[in-house]
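Enquirer: Below is the file model-v1.tsv, with TSV, C-alpha atoms and all ligand atoms.
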chain	number	residue	atom	x	y	z
A	1	MET	CA	-35.43	1.58	30.50
A	2	SER	CA	-34.96	5.35	30.67
A	3	LEU	CA	-32.69	6.97	33.24
A	4	HIS	CA	-35.13	9.84	33.59
A	5	GLY	CA	-35.89	10.54	37.26
A	6	ARG	CA	-33.75	7.66	38.55
A	7	ASP	CA	-31.28	7.55	41.46
A	8	VAL	CA	-27.68	6.55	40.82
A	9	VAL	CA	-26.35	5.24	44.12
A	10	SER	CA	-24.18	2.40	42.87
A	11	ILE	CA	-22.68	1.61	39.49
A	12	ARG	CA	-24.85	-1.53	39.73
A	13	ASP	CA	-27.88	0.75	39.28
A	14	LEU	CA	-26.84	1.11	35.62
A	15	SER	CA	-26.98	-1.64	33.02
A	16	ARG	CA	-24.18	-2.19	30.51
A	17	ASP	CA	-26.33	-0.65	27.78
A	18	GLU	CA	-27.10	2.38	29.95
A	19	ILE	CA	-23.40	2.88	30.68
A	20	THR	CA	-22.54	2.58	27.00
A	21	GLY	CA	-25.30	5.08	26.14
A	22	LEU	CA	-23.98	7.55	28.73
A	23	LEU	CA	-20.43	7.25	27.38
A	24	ASP	CA	-21.69	7.86	23.83
A	25	SER	CA	-23.66	10.88	25.02
A	26	ALA	CA	-20.64	12.18	27.00
A	27	ARG	CA	-18.52	12.12	23.84
A	28	LYS	CA	-21.04	14.46	22.19
A	29	MET	CA	-20.95	16.73	25.25
A	30	VAL	CA	-17.19	17.45	24.97
A	31	PRO	CA	-17.59	20.69	22.93
A	32	LEU	CA	-20.15	21.89	25.50
A	33	ALA	CA	-17.84	20.99	28.39
A	34	GLU	CA	-15.07	22.95	26.69
A	35	GLY	CA	-17.37	25.96	26.34
A	36	ARG	CA	-17.15	25.87	22.53
A	37	ARG	CA	-20.90	25.34	22.14
A	38	ALA	CA	-23.88	26.17	24.31
A	39	SER	CA	-26.95	24.01	24.85
A	40	PRO	CA	-29.60	24.84	27.46
A	41	LEU	CA	-30.49	21.22	28.19
A	42	LEU	CA	-30.95	21.90	31.91
A	43	ASP	CA	-32.57	25.31	31.52
A	44	GLY	CA	-34.68	26.02	34.63
A	45	LYS	CA	-33.34	23.01	36.56
A	46	ILE	CA	-31.80	23.37	40.01
A	47	VAL	CA	-29.33	20.75	41.25
A	48	ALA	CA	-28.36	20.64	44.94
A	49	MET	CA	-24.72	19.83	45.69
A	50	ALA	CA	-24.76	18.40	49.20
A	51	PHE	CA	-21.11	17.79	50.06
A	52	PHE	CA	-20.43	16.71	53.63
A	53	GLU	CA	-16.86	15.63	52.90
A	54	PRO	CA	-14.09	17.57	51.07
A	55	SER	CA	-14.07	17.57	47.28
A	56	THR	CA	-12.48	19.57	44.48
A	57	ARG	CA	-13.12	17.66	41.24
A	58	THR	CA	-16.46	16.03	41.90
A	59	ARG	CA	-18.27	19.08	43.22
A	60	LEU	CA	-16.78	21.58	40.79
A	61	SER	CA	-17.18	19.36	37.73
A	62	PHE	CA	-20.82	18.72	38.65
A	63	GLU	CA	-21.33	22.48	39.08
A	64	SER	CA	-19.60	23.17	35.78
A	65	ALA	CA	-21.76	20.52	34.07
A	66	VAL	CA	-24.98	22.02	35.44
A	67	GLN	CA	-24.06	25.60	34.62
A	68	ARG	CA	-22.74	24.86	31.14
A	69	LEU	CA	-26.13	23.25	30.41
A	70	GLY	CA	-28.02	26.31	31.61
A	71	GLY	CA	-29.09	25.03	35.04
A	72	SER	CA	-28.18	26.36	38.46
A	73	CYS	CA	-26.85	24.93	41.72
A	74	LEU	CA	-27.58	25.13	45.42
A	75	THR	CA	-24.37	24.20	47.17
A	76	ILE	CA	-23.48	22.90	50.60
A	77	ALA	CA	-19.70	22.70	50.66
A	78	ASP	CA	-19.26	22.85	54.42
A	79	ALA	CA	-21.36	20.63	56.68
A	80	GLY	CA	-20.43	22.91	59.59
A	81	ALA	CA	-22.45	25.71	58.03
A	82	THR	CA	-25.68	23.69	57.94
A	83	SER	CA	-28.26	22.77	60.55
A	84	LEU	CA	-26.63	19.35	60.89
A	85	ARG	CA	-24.54	21.26	63.43
A	86	LYS	CA	-27.74	21.83	65.41
A	87	GLY	CA	-28.51	18.11	65.39
A	88	GLU	CA	-30.66	17.83	62.28
A	89	SER	CA	-30.51	14.35	60.75
A	90	LEU	CA	-29.21	13.64	57.25
A	91	TYR	CA	-32.63	12.19	56.43
A	92	ASP	CA	-34.41	15.47	57.28
A	93	THR	CA	-31.75	17.56	55.52
A	94	ILE	CA	-32.15	15.58	52.30
A	95	ARG	CA	-35.94	15.49	52.52
A	96	MET	CA	-35.99	19.26	52.78
A	97	LEU	CA	-33.43	19.73	49.99
A	98	SER	CA	-35.58	17.63	47.70
A	99	SER	CA	-38.25	20.31	47.92
A	100	TYR	CA	-35.75	22.99	46.86
A	101	ALA	CA	-34.01	21.26	43.95
A	102	ASP	CA	-34.75	18.95	41.02
A	103	ALA	CA	-31.93	16.52	41.91
A	104	ILE	CA	-29.43	16.05	44.72
A	105	VAL	CA	-25.75	15.18	44.35
A	106	LEU	CA	-24.52	13.84	47.68
A	107	ARG	CA	-21.06	13.20	49.09
A	108	HIS	CA	-20.90	11.86	52.61
A	109	PRO	CA	-18.29	10.14	54.80
A	110	ASN	CA	-20.64	7.28	55.77
A	111	GLU	CA	-21.06	4.23	53.55
A	112	GLY	CA	-24.77	3.80	52.86
A	113	ALA	CA	-25.58	7.53	53.21
A	114	ALA	CA	-26.55	7.84	49.55
A	115	ARG	CA	-28.99	4.92	49.79
A	116	LEU	CA	-30.57	6.55	52.85
A	117	ALA	CA	-30.75	9.87	50.99
A	118	ALA	CA	-32.47	8.19	48.04
A	119	ARG	CA	-35.13	6.94	50.45
A	120	ALA	CA	-35.54	10.40	51.98
A	121	SER	CA	-35.79	12.24	48.66
A	122	ASP	CA	-38.57	12.19	46.11
A	123	ARG	CA	-36.09	13.72	43.63
A	124	PRO	CA	-33.23	11.75	42.04
A	125	VAL	CA	-30.13	11.31	44.21
A	126	ILE	CA	-26.69	10.87	42.66
A	127	ASN	CA	-24.02	9.36	44.88
A	128	ALA	CA	-20.85	11.47	44.66
A	129	GLY	CA	-18.97	9.18	47.06
A	130	ASP	CA	-20.18	7.57	50.30
A	131	GLY	CA	-17.34	6.66	52.64
A	132	ALA	CA	-15.55	3.53	51.47
A	133	GLY	CA	-18.69	2.51	49.53
A	134	GLN	CA	-19.26	3.63	45.95
A	135	HIS	CA	-18.43	6.49	43.57
A	136	PRO	CA	-20.43	5.62	40.47
A	137	THR	CA	-19.95	8.85	38.52
A	138	GLN	CA	-16.18	8.55	38.99
A	139	THR	CA	-16.47	5.10	37.42
A	140	LEU	CA	-18.31	6.54	34.43
A	141	LEU	CA	-15.56	9.06	33.78
A	142	ASP	CA	-12.89	6.40	34.37
A	143	LEU	CA	-14.57	4.22	31.75
A	144	ALA	CA	-14.84	7.22	29.40
A	145	THR	CA	-11.09	7.82	29.75
A	146	ILE	CA	-10.21	4.19	29.03
A	147	ARG	CA	-12.61	3.96	26.09
A	148	GLU	CA	-11.35	7.25	24.61
A	149	ARG	CA	-7.78	5.92	24.64
A	150	PHE	CA	-8.35	2.27	23.62
A	151	GLY	CA	-11.68	2.43	21.77
A	152	THR	CA	-12.96	-0.46	23.92
A	153	LEU	CA	-13.51	-1.56	27.51
A	154	ALA	CA	-13.03	-5.25	26.77
A	155	GLY	CA	-9.93	-7.39	26.81
A	156	LEU	CA	-7.68	-4.91	28.62
A	157	LYS	CA	-5.39	-5.70	31.53
A	158	VAL	CA	-6.14	-3.17	34.24
A	159	VAL	CA	-3.94	-2.95	37.33
A	160	LEU	CA	-5.72	-1.51	40.36
A	161	LEU	CA	-2.96	-0.21	42.61
A	162	GLY	CA	-3.00	1.04	46.17
A	163	ASP	CA	-5.78	1.31	48.70
A	164	LEU	CA	-8.17	-1.35	47.49
A	165	LYS	CA	-9.69	-1.75	50.96
A	166	TYR	CA	-11.14	1.72	51.48
A	167	GLY	CA	-10.97	3.06	47.90
A	168	ARG	CA	-14.55	3.60	46.76
A	169	THR	CA	-13.40	4.44	43.24
A	170	VAL	CA	-11.90	0.96	42.78
A	171	HIS	CA	-14.91	-0.73	44.39
A	172	SER	CA	-17.13	0.78	41.69
A	173	LEU	CA	-14.64	0.49	38.84
A	174	ALA	CA	-13.70	-3.17	39.42
A	175	PHE	CA	-17.34	-4.20	39.07
A	176	ALA	CA	-17.83	-2.19	35.87
A	177	LEU	CA	-14.62	-3.34	34.20
A	178	ALA	CA	-15.49	-6.95	34.97
A	179	GLU	CA	-18.91	-6.42	33.37
A	180	PHE	CA	-17.23	-5.15	30.20
A	181	GLY	CA	-14.74	-8.05	30.06
A	182	SER	CA	-11.42	-6.56	31.15
A	183	GLU	CA	-8.98	-8.46	33.35
A	184	LEU	CA	-8.28	-7.07	36.83
A	185	ILE	CA	-4.84	-7.31	38.41
A	186	LEU	CA	-4.88	-6.28	42.07
A	187	SER	CA	-1.72	-4.77	43.52
A	188	SER	CA	-1.82	-3.45	47.06
A	189	PRO	CA	-0.09	-3.58	50.41
A	190	GLU	CA	-1.34	-6.68	52.27
A	191	ALA	CA	-3.24	-4.51	54.78
A	192	LEU	CA	-5.14	-2.78	51.97
A	193	ARG	CA	-6.26	-5.82	49.96
A	194	LEU	CA	-9.60	-5.74	48.19
A	195	PRO	CA	-12.15	-6.92	50.80
A	196	GLU	CA	-13.56	-10.45	50.49
A	197	GLU	CA	-17.11	-9.22	49.82
A	198	HIS	CA	-15.89	-7.49	46.64
A	199	ARG	CA	-13.79	-10.51	45.63
A	200	ASP	CA	-16.82	-12.79	46.10
A	201	GLU	CA	-18.94	-10.52	43.95
A	202	LEU	CA	-16.29	-10.41	41.21
A	203	ARG	CA	-16.06	-14.22	41.31
A	204	ARG	CA	-19.85	-14.48	41.01
A	205	GLN	CA	-19.65	-12.16	38.00
A	206	GLY	CA	-17.14	-14.54	36.41
A	207	ALA	CA	-14.51	-11.78	36.40
A	208	LYS	CA	-10.91	-12.45	35.43
A	209	VAL	CA	-9.18	-11.24	38.59
A	210	ARG	CA	-5.88	-12.03	40.31
A	211	ASP	CA	-3.41	-10.52	42.75
A	212	GLN	CA	0.03	-9.28	41.75
A	213	PRO	CA	1.70	-7.61	44.74
A	214	ASP	CA	4.96	-7.17	42.79
A	215	LEU	CA	4.46	-3.71	41.28
A	216	ALA	CA	7.20	-4.07	38.64
A	217	LYS	CA	5.58	-7.24	37.28
A	218	ALA	CA	2.12	-5.66	37.38
A	219	VAL	CA	3.28	-2.58	35.46
A	220	ARG	CA	4.97	-4.67	32.73
A	221	GLU	CA	1.73	-6.36	31.72
A	222	ALA	CA	-0.70	-3.47	32.24
A	223	ASP	CA	-2.66	-1.56	29.60
A	224	VAL	CA	-4.13	0.64	32.34
A	225	LEU	CA	-2.45	1.39	35.67
A	226	TYR	CA	-5.13	2.81	37.97
A	227	VAL	CA	-3.36	4.35	40.97
A	228	THR	CA	-5.15	5.33	44.16
A	229	ARG	CA	-4.26	7.36	47.23
A	230	ILE	CA	-3.99	5.71	50.62
A	231	GLN	CA	-6.90	7.37	52.37
A	232	LYS	CA	-5.60	8.52	55.72
A	233	GLU	CA	-9.06	9.75	56.71
A	234	ARG	CA	-10.53	6.21	56.61
A	235	PHE	CA	-8.10	4.66	59.14
A	236	ALA	CA	-9.42	4.32	62.68
A	237	ASP	CA	-5.83	4.01	63.94
A	238	GLU	CA	-3.19	6.42	62.59
A	239	SER	CA	-0.34	3.97	63.35
A	240	GLU	CA	-1.93	1.54	60.82
A	241	TYR	CA	-1.88	4.34	58.26
A	242	ARG	CA	1.79	5.07	58.93
A	243	GLU	CA	2.68	1.41	58.30
A	244	VAL	CA	1.44	1.58	54.71
A	245	ALA	CA	1.98	5.26	53.85
A	246	GLY	CA	4.45	5.74	51.00
A	247	SER	CA	4.59	2.01	50.22
A	248	TYR	CA	4.33	2.57	46.43
A	249	ARG	CA	5.18	5.37	44.02
A	250	ILE	CA	5.01	5.60	40.24
A	251	ASP	CA	7.87	7.48	38.59
A	252	GLY	CA	9.91	7.36	35.40
A	253	ARG	CA	11.85	4.32	36.61
A	254	THR	CA	8.72	2.36	37.50
A	255	LEU	CA	7.41	2.94	33.98
A	256	ALA	CA	10.66	2.13	32.14
A	257	ASP	CA	9.45	-1.37	31.11
A	258	ALA	CA	5.79	-0.43	30.60
A	259	LYS	CA	3.98	-1.08	27.33
A	260	PRO	CA	4.09	1.99	25.04
A	261	GLN	CA	0.28	2.25	25.16
A	262	LEU	CA	0.04	2.04	28.97
A	263	ILE	CA	-2.07	4.79	30.50
A	264	VAL	CA	-1.66	5.88	34.11
A	265	MET	CA	-4.91	6.95	35.73
A	266	HIS	CA	-5.69	8.33	39.17
A	267	PRO	CA	-9.02	9.68	40.48
A	268	LEU	CA	-6.99	12.42	42.23
A	269	PRO	CA	-6.10	14.03	44.54
A	270	ARG	CA	-2.68	12.42	44.50
A	271	ALA	CA	-0.57	12.56	47.62
A	272	GLY	CA	2.84	11.45	46.37
A	273	GLU	CA	1.79	8.19	44.62
A	274	ILE	CA	2.65	9.57	41.16
A	275	ALA	CA	5.80	11.64	40.71
A	276	PRO	CA	5.26	14.94	38.83
A	277	GLU	CA	7.81	13.77	36.20
A	278	VAL	CA	5.14	11.30	34.94
A	279	ASP	CA	2.87	14.23	33.97
A	280	ALA	CA	4.91	14.98	30.85
A	281	THR	CA	5.01	11.37	29.62
A	282	ARG	CA	2.66	9.84	27.05
A	283	HIS	CA	1.39	7.58	29.82
A	284	ALA	CA	-0.23	10.29	31.95
A	285	ALA	CA	-4.03	10.25	31.55
A	286	TYR	CA	-5.15	11.60	34.92
A	287	PHE	CA	-5.69	15.23	33.92
A	288	ARG	CA	-7.68	14.21	30.84
A	289	GLN	CA	-9.60	11.89	33.19
A	290	ALA	CA	-10.37	14.88	35.47
A	291	PHE	CA	-11.59	16.93	32.48
A	292	LEU	CA	-13.85	14.13	31.24
A	293	ALA	CA	-15.72	14.46	34.54
A	294	VAL	CA	-17.58	17.42	33.03
A	295	PRO	CA	-19.00	15.86	29.81
A	296	VAL	CA	-19.73	12.60	31.63
A	297	ARG	CA	-21.64	14.37	34.40
A	298	MET	CA	-23.42	16.49	31.76
A	299	ALA	CA	-24.54	13.30	30.03
A	300	LEU	CA	-25.78	11.80	33.28
A	301	LEU	CA	-27.63	14.93	34.43
A	302	ASN	CA	-29.22	15.30	31.02
A	303	ALA	CA	-30.36	11.67	31.09
A	304	ILE	CA	-31.83	12.05	34.58
A	305	LEU	CA	-33.24	15.58	34.36
A	306	GLY	CA	-33.29	16.72	30.75
A	307	ARG	CA	-36.27	16.61	28.45
A	308	PRO	CA	-36.51	13.07	27.05
A	309	GLY	CA	-35.09	12.75	23.54
A	310	ARG	CA	-32.80	15.79	23.76
A	311	GLY	CA	-29.13	14.94	23.54
A	312	GLY	CA	-25.94	16.99	23.37
B	1	LIG	N1	-11.94	12.11	42.24
B	1	LIG	C1	-12.55	12.74	43.27
B	1	LIG	O1	-13.56	12.27	43.81
B	1	LIG	O2	-11.95	13.91	43.61
B	1	LIG	P1	-12.50	14.93	44.71
B	1	LIG	O3	-12.39	14.22	46.05
B	1	LIG	O4	-11.61	16.14	44.63
B	1	LIG	O5	-13.93	15.23	44.40
Take the structure in the file and write it out as structure tokens.
Expert:
Amino acid sequence: MSLHGRDVVSIRDLSRDEITGLLDSARKMVPLAEGRRASPLLDGKIVAMAFFEPSTRTRLSFESAVQRLGGSCLTIADAGATSLRKGESLYDTIRMLSSYADAIVLRHPNEGAARLAARASDRPVINAGDGAGQHPTQTLLDLATIRERFGTLAGLKVVLLGDLKYGRTVHSLAFALAEFGSELILSSPEALRLPEEHRDELRRQGAKVRDQPDLAKAVREADVLYVTRIQKERFADESEYREVAGSYRIDGRTLADAKPQLIVMHPLPRAGEIAPEVDATRHAAYFRQAFLAVPVRMALLNAILGRPGRGG
């Protein structure tokens, strides 16, 4: 089935074959993302960036992807500058935006906001992160990073470290990695364990998944160490945040016994979980991961909005 005109609210909206096709297409988009070649695949298309929560990478890489493919953007980067301040509902805001743009990329602090937006819009909606829910395009670029380094998404041991309770990136990624046959090793402070609903779903999928709270042991067996930030903004009670803040940190010593091929990933922003000294090691993959956001989002936008049959 074609992705043309479809919403992407959850990574579950994409089949394995569709994900593989997007990753193949993204690889071809790299020279365009680097500005070495031009291709007007989105010529005449307008994409609305509706960001009601802070973002650096997601918004700017989507904008870069659109503009490098010859399209243009309408951007809301500050909810306070919109009529939401006057009491307009998200539903009405999205419904109206869908008559100004060909697709809507939405980030919102509330889980479920992207699903609501997809109902409000008769144009495709792409979820760019909804609260502690999902971040499917982050998952696509995470998978692209892993596949670029290992040539496969199967049979790897992937440690998911940190805030597994509120981290939408791991909620999306765990599902996708399980689909592709990698083993998940969960390492988090007790208070930030992966919620039962996600564990149940992984079990139903037949995923290989286990807990390893001992970080040193987890790092020794990992092919991929996926580090996340503890998301202060998701805690209702700041004292709960303070109890877990700073409870893990990756530095040269942590990685001393790692496999040579281990890659350290992070969706970024980091807030002290990875020491800057790791940046210069062969393990650091997080800046490449951030770059791959552009070709991956190009591939997705082209699949949803481009003229059928035209690739990178
Ligand atoms: N990875 C990610 O979503 O980063 P931003 O919050 O900066 O968009």
Enquirer: Would you list the residues that come within 6 Å of ligand LIG 1 (chain B)? Count all atoms listed in the file and give the answer as a PyMOL selection string.
Expert: chain A and resi 55-59+267-269
Enquirer: To one decimal place, how far is CA of Phe175 in chain A from CA of Arg242 in chain A in Å?
Expert: 29.1 Å
Enquirer: Tell me which protein, DNA and RNA residues are within 12 Å of range 195-212 of chain A, counting all atoms listed in the file, leaving out same-chain ones fewer than 4 positions away, and put them as a PDB file with C-alpha atoms, keeping the file's coordinate frame.
Expert:
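What follows is the written file result-v6.pdb:
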ATOM      1  CA  ARG A  12     -24.850  -1.530  39.730  1.00  0.00           C
ATOM      2  CA  ALA A 132     -15.550   3.530  51.470  1.00  0.00           C
ATOM      3  CA  GLY A 133     -18.690   2.510  49.530  1.00  0.00           C
ATOM      4  CA  GLN A 134     -19.260   3.630  45.950  1.00  0.00           C
ATOM      5  CA  ALA A 154     -13.030  -5.250  26.770  1.00  0.00           C
ATOM      6  CA  GLY A 155      -9.930  -7.390  26.810  1.00  0.00           C
ATOM      7  CA  LEU A 156      -7.680  -4.910  28.620  1.00  0.00           C
ATOM      8  CA  LYS A 157      -5.390  -5.700  31.530  1.00  0.00           C
ATOM      9  CA  VAL A 158      -6.140  -3.170  34.240  1.00  0.00           C
ATOM     10  CA  VAL A 159      -3.940  -2.950  37.330  1.00  0.00           C
ATOM     11  CA  LEU A 160      -5.720  -1.510  40.360  1.00  0.00           C
ATOM     12  CA  LEU A 161      -2.960  -0.210  42.610  1.00  0.00           C
ATOM     13  CA  GLY A 162      -3.000   1.040  46.170  1.00  0.00           C
ATOM     14  CA  ASP A 163      -5.780   1.310  48.700  1.00  0.00           C
ATOM     15  CA  LEU A 164      -8.170  -1.350  47.490  1.00  0.00           C
ATOM     16  CA  LYS A 165      -9.690  -1.750  50.960  1.00  0.00           C
ATOM     17  CA  TYR A 166     -11.140   1.720  51.480  1.00  0.00           C
ATOM     18  CA  GLY A 167     -10.970   3.060  47.900  1.00  0.00           C
ATOM     19  CA  ARG A 168     -14.550   3.600  46.760  1.00  0.00           C
ATOM     20  CA  VAL A 170     -11.900   0.960  42.780  1.00  0.00           C
ATOM     21  CA  HIS A 171     -14.910  -0.730  44.390  1.00  0.00           C
ATOM     22  CA  SER A 172     -17.130   0.780  41.690  1.00  0.00           C
ATOM     23  CA  LEU A 173     -14.640   0.490  38.840  1.00  0.00           C
ATOM     24  CA  ALA A 174     -13.700  -3.170  39.420  1.00  0.00           C
ATOM     25  CA  PHE A 175     -17.340  -4.200  39.070  1.00  0.00           C
ATOM     26  CA  ALA A 176     -17.830  -2.190  35.870  1.00  0.00           C
ATOM     27  CA  LEU A 177     -14.620  -3.340  34.200  1.00  0.00           C
ATOM     28  CA  ALA A 178     -15.490  -6.950  34.970  1.00  0.00           C
ATOM     29  CA  GLU A 179     -18.910  -6.420  33.370  1.00  0.00           C
ATOM     30  CA  PHE A 180     -17.230  -5.150  30.200  1.00  0.00           C
ATOM     31  CA  GLY A 181     -14.740  -8.050  30.060  1.00  0.00           C
ATOM     32  CA  SER A 182     -11.420  -6.560  31.150  1.00  0.00           C
ATOM     33  CA  GLU A 183      -8.980  -8.460  33.350  1.00  0.00           C
ATOM     34  CA  LEU A 184      -8.280  -7.070  36.830  1.00  0.00           C
ATOM     35  CA  ILE A 185      -4.840  -7.310  38.410  1.00  0.00           C
ATOM     36  CA  LEU A 186      -4.880  -6.280  42.070  1.00  0.00           C
ATOM     37  CA  SER A 187      -1.720  -4.770  43.520  1.00  0.00           C
ATOM     38  CA  SER A 188      -1.820  -3.450  47.060  1.00  0.00           C
ATOM     39  CA  PRO A 189      -0.090  -3.580  50.410  1.00  0.00           C
ATOM     40  CA  GLU A 190      -1.340  -6.680  52.270  1.00  0.00           C
ATOM     41  CA  ALA A 191      -3.240  -4.510  54.780  1.00  0.00           C
ATOM     42  CA  ALA A 216       7.200  -4.070  38.640  1.00  0.00           C
ATOM     43  CA  LYS A 217       5.580  -7.240  37.280  1.00  0.00           C
ATOM     44  CA  ALA A 218       2.120  -5.660  37.380  1.00  0.00           C
ATOM     45  CA  VAL A 219       3.280  -2.580  35.460  1.00  0.00           C
ATOM     46  CA  ARG A 220       4.970  -4.670  32.730  1.00  0.00           C
ATOM     47  CA  GLU A 221       1.730  -6.360  31.720  1.00  0.00           C
ATOM     48  CA  ALA A 222      -0.700  -3.470  32.240  1.00  0.00           C
TER      49      ALA A 222
END
Enquirer: Determine the nearest neighbour of Asp251 in chain A from the options A:Arg27, A:Arg6, A:Arg234, A:His283, counting all atoms listed in the file.
Expert: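 Closest to Asp251 in chain A of all the choices is A:His283.
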Enquirer: For each of A:Asp142, A:Asp257, A:Asp24, A:Asp214, take the minimum atom-to-atom distance to Tyr226 in chain A, counting only C-alpha atoms, then give the residue where this is smallest.
Expert: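 Smallest separation from Tyr226 in chain A among the options: A:Asp142.
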Enquirer: Kindly give the distance, in Å, that separates CA of Arg119 in chain A and CA of Leu74 in chain A, rounded to a single decimal.
Expert: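 Those two atoms sit 20.3 Å apart.
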Enquirer: Could you jot down the CA of Phe291 in chain A to CA of Leu14 in chain A separation for me, Å, one decimal place?
Expert: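 A separation of 22.2 Å between them.
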Enquirer: Rank nothing, just name the residue among A:Asp130, A:Glu277, A:Glu238, A:Asp122 nearest to Leu255 in chain A, using all atoms listed in the file.
Expert: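 With all atoms listed in the file as the atom set, the closest residue is A:Glu277.
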Enquirer: Out of A:Leu22, A:Leu215, A:Ala303, A:Met29, which residue has the shortest atom-to-atom distance to Tyr248 in chain A when counting all atoms listed in the file?
Expert: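 Counting all atoms listed in the file, the residue closest to Tyr248 in chain A is A:Leu215.
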